[in-house]
file input28.txt (compact mmCIF, C-alpha atoms)
# COMPACT_ATOMS: atom_id res chain seq x y z
CA MET R 1 93.64 115.94 106.42
CA LYS R 2 92.42 114.11 109.54
CA THR R 3 88.75 114.55 108.57
CA THR R 4 89.44 113.48 104.98
CA THR R 5 91.23 110.31 106.12
CA LYS R 6 88.36 109.32 108.40
CA LEU R 7 85.83 110.07 105.66
CA VAL R 8 87.71 107.95 103.12
CA SER R 9 88.07 105.10 105.66
CA THR R 10 84.34 105.16 106.41
CA ALA R 11 83.41 105.25 102.70
CA ILE R 12 85.63 102.26 101.86
CA ALA R 13 84.19 100.28 104.77
CA ALA R 14 80.62 101.08 103.63
CA VAL R 15 81.38 100.04 100.05
CA ALA R 16 82.98 96.82 101.32
CA LEU R 17 79.87 95.97 103.31
CA PHE R 18 77.53 96.83 100.43
CA ILE R 19 79.43 94.90 97.78
CA GLY R 20 80.23 92.01 100.10
CA THR R 21 76.62 91.40 101.03
CA ASN R 22 75.45 91.25 97.39
CA VAL R 23 77.78 88.49 96.16
CA ASN R 24 76.23 85.07 95.61
CA ALA R 25 79.32 82.90 95.11
CA GLN R 26 80.48 80.97 98.17
CA ILE R 27 83.97 82.18 99.01
CA VAL R 28 84.21 81.81 102.80
CA ALA R 29 83.23 78.59 104.55
CA PRO R 30 80.50 79.70 106.99
CA ASN R 31 80.93 78.90 110.70
CA THR R 32 84.62 78.00 110.36
CA LEU R 33 87.73 79.39 112.02
CA ARG R 34 91.03 80.12 110.30
CA PHE R 35 94.31 81.26 111.83
CA GLY R 36 97.16 82.95 110.01
CA PHE R 37 100.59 84.48 110.58
CA GLY R 38 101.67 87.46 108.49
CA VAL R 39 104.70 89.57 107.73
CA GLU R 40 104.00 93.26 107.14
CA GLY R 41 105.90 96.10 105.57
CA GLY R 42 104.91 99.68 104.96
CA VAL R 43 105.79 103.30 104.36
CA ALA R 44 105.14 105.85 107.13
CA THR R 45 102.72 108.70 106.36
CA GLY R 46 101.57 111.84 108.18
CA ASN R 47 103.58 113.01 111.20
CA ALA R 48 105.46 109.68 111.35
CA SER R 49 107.16 110.42 108.02
CA ASN R 50 109.16 113.14 109.84
CA PHE R 51 110.80 110.46 111.99
CA SER R 52 110.56 107.21 109.99
CA ASN R 53 110.44 105.97 106.42
CA LEU R 54 109.77 102.26 106.92
CA GLU R 55 107.55 100.02 109.04
CA LEU R 56 108.08 96.28 109.46
CA GLY R 57 106.08 93.92 111.63
CA GLY R 58 104.39 90.63 112.19
CA THR R 59 100.80 89.79 112.99
CA ALA R 60 98.53 86.89 113.85
CA ARG R 61 94.93 86.90 112.64
CA LEU R 62 91.93 84.83 113.70
CA GLN R 63 89.15 84.74 111.10
CA TYR R 64 85.56 83.51 111.50
CA GLY R 65 83.40 82.81 108.44
CA ALA R 66 80.16 84.66 109.24
CA SER R 67 78.58 83.84 105.85
CA SER R 68 79.64 82.62 102.42
CA ASN R 69 81.17 85.99 101.54
CA LEU R 70 81.85 87.73 104.86
CA ALA R 71 84.49 87.00 107.49
CA ILE R 72 85.05 88.62 110.87
CA THR R 73 88.68 89.11 111.90
CA LEU R 74 90.71 89.75 115.04
CA THR R 75 94.32 90.82 114.45
CA SER R 76 97.24 91.60 116.75
CA GLY R 77 101.03 91.61 116.57
CA TYR R 78 103.88 94.09 116.63
CA TYR R 79 104.89 96.96 114.30
CA ASN R 80 108.27 98.69 114.30
CA PHE R 81 108.61 102.09 112.61
CA PHE R 82 112.38 102.39 112.06
CA GLY R 83 113.78 105.75 113.18
CA LYS R 84 115.61 107.85 110.62
CA SER R 85 118.47 110.33 110.79
CA GLU R 86 118.05 114.05 110.21
CA PRO R 87 120.02 115.11 107.12
CA ASN R 88 123.15 117.17 107.81
CA THR R 89 122.91 116.63 111.60
CA THR R 90 123.88 114.03 114.19
CA ILE R 91 120.25 113.53 115.24
CA LYS R 92 118.96 109.96 114.86
CA TYR R 93 115.46 109.09 116.04
CA GLN R 94 114.84 105.80 117.76
CA SER R 95 112.22 103.46 116.37
CA LEU R 96 108.56 103.64 117.37
CA GLY R 97 107.04 100.35 118.50
CA MET R 98 103.34 99.53 118.47
CA VAL R 99 101.08 96.63 119.43
CA PRO R 100 97.90 96.76 117.30
CA ILE R 101 94.68 95.14 118.50
CA LYS R 102 92.07 95.27 115.72
CA ALA R 103 88.67 93.79 114.89
CA GLY R 104 87.42 93.86 111.34
CA ILE R 105 85.69 92.35 108.36
CA LYS R 106 86.67 90.86 105.03
CA ALA R 107 83.85 91.24 102.49
CA PHE R 108 84.48 89.12 99.38
CA PHE R 109 83.28 90.71 96.13
CA ALA R 110 84.73 88.13 93.68
CA PRO R 111 86.30 84.70 94.08
CA SER R 112 89.29 85.20 96.41
CA TRP R 113 89.15 89.06 96.26
CA TYR R 114 87.99 91.08 99.25
CA PHE R 115 87.61 94.53 100.73
CA GLY R 116 88.74 94.75 104.34
CA ALA R 117 88.07 97.20 107.13
CA GLU R 118 89.54 97.11 110.62
CA ALA R 119 89.27 99.29 113.72
CA GLY R 120 90.95 99.04 117.07
CA ALA R 121 93.69 100.36 119.32
CA GLY R 122 97.42 100.75 118.84
CA ILE R 123 99.50 100.69 122.02
CA GLU R 124 102.82 102.49 121.59
CA THR R 125 105.74 100.69 123.27
CA LYS R 126 108.45 103.19 122.23
CA THR R 127 108.26 106.73 120.89
CA PHE R 128 110.17 108.76 118.30
CA LEU R 129 112.69 110.48 120.57
CA PRO R 130 116.23 111.36 119.56
CA GLN R 131 118.64 108.62 120.67
CA GLY R 132 120.17 109.25 124.06
CA VAL R 133 117.03 110.87 125.54
CA ASN R 134 115.74 109.15 128.70
CA GLN R 135 112.80 106.93 127.72
CA ALA R 136 111.43 106.78 131.28
CA PHE R 137 109.66 110.11 130.76
CA ALA R 138 108.48 109.58 127.18
CA GLU R 139 104.74 109.52 126.65
CA LYS R 140 103.56 106.24 125.17
CA ASP R 141 100.02 106.75 123.93
CA THR R 142 97.22 104.51 122.77
CA LYS R 143 95.93 105.44 119.31
CA LEU R 144 92.66 104.76 117.51
CA ILE R 145 93.35 102.61 114.44
CA LEU R 146 91.17 102.79 111.31
CA SER R 147 92.28 100.67 108.38
CA PRO R 148 90.60 100.10 105.00
CA GLY R 149 92.20 97.70 102.53
CA ILE R 150 91.89 95.28 99.65
CA GLY R 151 93.31 91.80 99.27
CA TYR R 152 93.47 88.37 97.71
CA ALA R 153 93.02 85.17 99.73
CA SER R 154 93.51 81.56 98.63
CA LYS R 155 93.26 78.34 100.64
CA HIS R 156 96.50 79.09 102.50
CA TRP R 157 97.78 82.53 101.40
CA ASP R 158 96.43 86.01 102.05
CA VAL R 159 97.99 89.10 100.47
CA GLY R 160 96.49 92.47 101.34
CA ALA R 161 97.26 96.17 100.84
CA ARG R 162 95.89 98.80 103.19
CA TYR R 163 96.09 102.30 104.57
CA GLU R 164 96.24 102.40 108.36
CA ASN R 165 95.56 105.61 110.28
CA TYR R 166 96.58 106.16 113.93
CA SER R 167 94.96 109.10 115.70
CA GLY R 168 94.80 110.46 119.22
CA GLN R 169 96.43 112.90 121.64
CA SER R 170 96.74 115.54 118.85
CA ASN R 171 99.21 113.34 116.97
CA ASN R 172 98.06 111.60 113.80
CA TYR R 173 100.10 109.41 111.53
CA GLY R 174 99.73 106.28 109.44
CA LEU R 175 101.18 103.84 106.98
CA VAL R 176 100.54 102.39 103.56
CA GLY R 177 101.30 98.71 103.98
CA LEU R 178 101.36 95.23 102.51
CA ARG R 179 100.68 92.02 104.47
CA VAL R 180 101.63 88.54 103.26
CA ALA R 181 100.23 85.75 105.45
CA TYR R 182 99.97 82.00 105.62
CA GLY R 183 96.77 80.60 107.12
CA PHE R 184 95.07 77.32 107.92
CA GLY R 185 91.75 76.05 109.28
CA ILE R 186 91.39 75.23 112.98

call {"tool": "encode", "arguments": {"input": "input28.txt", "output": "structure tokens"}}
result
Amino acid sequence: MKTTTKLVSTAIAAVALFIGTNVNAQIVAPNTLRFGFGVEGGVATGNASNFSNLELGGTARLQYGASSNLAITLTSGYYNFFGKSEPNTTIKYQSLGMVPIKAGIKAFFAPSWYFGAEAGAGIETKTFLPQGVNQAFAEKDTKLILSPGIGYASKHWDVGARYENYSGQSNNYGLVGLRVAYGFGI
């Protein structure tokens, strides 16, 4: 599963670069900066689905127009994976918190439509422990983030869907998410 996820992520990023560099229509204003704030929601996958069903977060993204159809991005914010209860028990897991720091690209293949690929680090701020367990001794790891996606961007709005994989320390999980953002030129 882990190898398949990384292979799929790499293939989508390669396709995004290939398609994005062969488009002739000007979609991104070259040498310009944009800044946007987004709200994110997602469904936990992998090991995280044992402890959480839902992720909610907020992010800020800085975007630089590298060419007429390619943008470079830097994204950070906060994700919260809400802890769930074990059926037929009194066990309730606390939420997992994460600060993502990602660099990426948006390769436009048609007016306003893009493939995206991001990579970076996810710093866990809380872990999935049953409530009542002392957090002082919980391991909070830093995960490798790989995230392919697809989206639609207009002058002010950006809506994107993605798969995001977190791997490291023999614990791999992810999310399938949607980001809705408002952006403006700076």

call {"tool": "atom_distance", "arguments": {"input": "input28.txt", "atom1": "CA of Val28 (chain R)", "atom2": "CA of Ala153 (chain R)"}}
result
9.9 Å

call {"tool": "closest_residue", "arguments": {"input": "input28.txt", "among": "R:Gly151, R:Gly46, R:Gly65, R:Gly58", "to": "Ile186 (chain R)", "atoms": "all atoms listed in the file"}}
result
R:Gly65

call {"tool": "closest_atom_pairs", "arguments": {"input": "input28.txt", "of": "region 63-158 of chain R", "to": "region 47-53 of chain R", "cutoff": "6 Å", "atoms": "only C-alpha atoms", "output": "JSON lines"}}
result
{"residue": "R:Phe82", "atom": "CA", "partner": "R:Ser52", "partner_atom": "CA", "distance": 5.6}
{"residue": "R:Gly83", "atom": "CA", "partner": "R:Ser52", "partner_atom": "CA", "distance": 4.8}
{"residue": "R:Lys84", "atom": "CA", "partner": "R:Ser52", "partner_atom": "CA", "distance": 5.1}

call {"tool": "atom_distance", "arguments": {"input": "input28.txt", "atom1": "CA of Gly42 (chain R)", "atom2": "CA of Val99 (chain R)"}}
result
15.3 Å

call {"tool": "atom_distance", "arguments": {"input": "input28.txt", "atom1": "CA of Gln63 (chain R)", "atom2": "CA of Phe35 (chain R)"}}
result
6.3 Å

call {"tool": "closest_residue", "arguments": {"input": "input28.txt", "among": "R:Gly97, R:Gly185, R:Ala44, R:Gly116", "to": "Asn165 (chain R)", "atoms": "only C-alpha atoms"}}
result
R:Ala44

call {"tool": "closest_residue", "arguments": {"input": "input28.txt", "among": "R:Tyr93, R:Phe81, R:Trp157, R:Tyr166", "to": "Gly120 (chain R)", "atoms": "only C-alpha atoms"}}
result
R:Tyr166

call {"tool": "closest_residue", "arguments": {"input": "input28.txt", "among": "R:Gly174, R:Tyr79, R:Met98, R:Glu118", "to": "Asp141 (chain R)", "atoms": "all atoms listed in the file"}}
result
R:Met98

call {"tool": "axis_aligned_box", "arguments": {"input": "input28.txt", "around": "region 52-57 of chain R", "padding_each_side": "4 Å", "output": "AutoDock Vina command-line options"}}
result
--center_x 108.3 --center_y 100.6 --center_z 109.0 --size_x 12.5 --size_y 21.3 --size_z 13.2

call {"tool": "closest_residue", "arguments": {"input": "input28.txt", "among": "R:Gly168, R:Gly177, R:Thr32, R:Pro111", "to": "Ser154 (chain R)", "atoms": "only C-alpha atoms"}}
result
R:Pro111

call {"tool": "residues_around", "arguments": {"input": "input28.txt", "residues": "Gly77 (chain R)", "least_positions_apart": "3", "cutoff": "10 Å", "atoms": "all atoms listed in the file", "output": "JSON, numbers by chain"}}
result
{"R": [37, 38, 39, 57, 58, 59, 60, 61, 98, 99, 100, 101, 102]}

call {"tool": "residues_near_point", "arguments": {"input": "input28.txt", "point": "(93.8, 91.1, 101.9)", "cutoff": "9 Å", "atoms": "all atoms listed in the file", "output": "PyMOL selection string"}}
result
chain R and resi 106+113-116+149-153+158-162+178-180

call {"tool": "closest_residue", "arguments": {"input": "input28.txt", "among": "R:Pro30, R:Lys140, R:Gly36, R:Gly41", "to": "Tyr163 (chain R)", "atoms": "all atoms listed in the file"}}
result
R:Gly41

call {"tool": "build_atoms", "arguments": {"input": "input28.txt", "residues": "region 155-174 of chain R", "atoms": "N, CA and C atoms", "output": "short mmCIF file (atom, residue, chain, number, x, y, z; two decimals), in the coordinates of the input"}}
result
data_model
loop_
_atom_site.label_atom_id
_atom_site.label_comp_id
_atom_site.auth_asym_id
_atom_site.auth_seq_id
_atom_site.Cartn_x
_atom_site.Cartn_y
_atom_site.Cartn_z
N LYS R 155 93.44 79.32 99.56
CA LYS R 155 93.26 78.34 100.64
C LYS R 155 94.25 78.56 101.78
N HIS R 156 95.49 78.91 101.46
CA HIS R 156 96.50 79.09 102.50
C HIS R 156 97.13 80.48 102.54
N TRP R 157 97.08 81.24 101.47
CA TRP R 157 97.78 82.53 101.40
C TRP R 157 96.80 83.69 101.39
N ASP R 158 97.22 84.78 102.01
CA ASP R 158 96.43 86.01 102.05
C ASP R 158 97.40 87.17 101.84
N VAL R 159 97.16 87.94 100.78
CA VAL R 159 97.99 89.10 100.47
C VAL R 159 97.06 90.31 100.44
N GLY R 160 97.36 91.31 101.27
CA GLY R 160 96.49 92.47 101.34
C GLY R 160 97.27 93.78 101.39
N ALA R 161 96.71 94.81 100.79
CA ALA R 161 97.26 96.17 100.84
C ALA R 161 96.27 97.04 101.60
N ARG R 162 96.79 97.97 102.39
CA ARG R 162 95.89 98.80 103.19
C ARG R 162 96.52 100.14 103.52
N TYR R 163 95.64 101.06 103.93
CA TYR R 163 96.09 102.30 104.57
C TYR R 163 95.67 102.17 106.02
N GLU R 164 96.56 102.49 106.94
CA GLU R 164 96.24 102.40 108.36
C GLU R 164 96.49 103.76 108.99
N ASN R 165 95.47 104.31 109.65
CA ASN R 165 95.56 105.61 110.28
C ASN R 165 95.56 105.44 111.80
N TYR R 166 96.49 106.16 112.47
CA TYR R 166 96.58 106.16 113.93
C TYR R 166 96.28 107.58 114.39
N SER R 167 95.29 107.74 115.25
CA SER R 167 94.96 109.10 115.70
C SER R 167 94.70 109.12 117.19
N GLY R 168 95.02 110.26 117.80
CA GLY R 168 94.80 110.46 119.22
C GLY R 168 95.86 111.36 119.82
N GLN R 169 95.53 112.03 120.91
CA GLN R 169 96.43 112.90 121.64
C GLN R 169 97.06 113.97 120.73
N SER R 170 96.30 114.49 119.78
CA SER R 170 96.74 115.54 118.85
C SER R 170 97.95 115.13 118.02
N ASN R 171 98.11 113.84 117.79
CA ASN R 171 99.21 113.34 116.97
C ASN R 171 98.65 112.25 116.06
N ASN R 172 98.62 112.53 114.77
CA ASN R 172 98.06 111.60 113.80
C ASN R 172 99.12 111.20 112.79
N TYR R 173 99.17 109.92 112.52
CA TYR R 173 100.10 109.41 111.53
C TYR R 173 99.53 108.12 110.96
N GLY R 174 100.24 107.50 110.04
CA GLY R 174 99.73 106.28 109.44
C GLY R 174 100.79 105.55 108.66
#
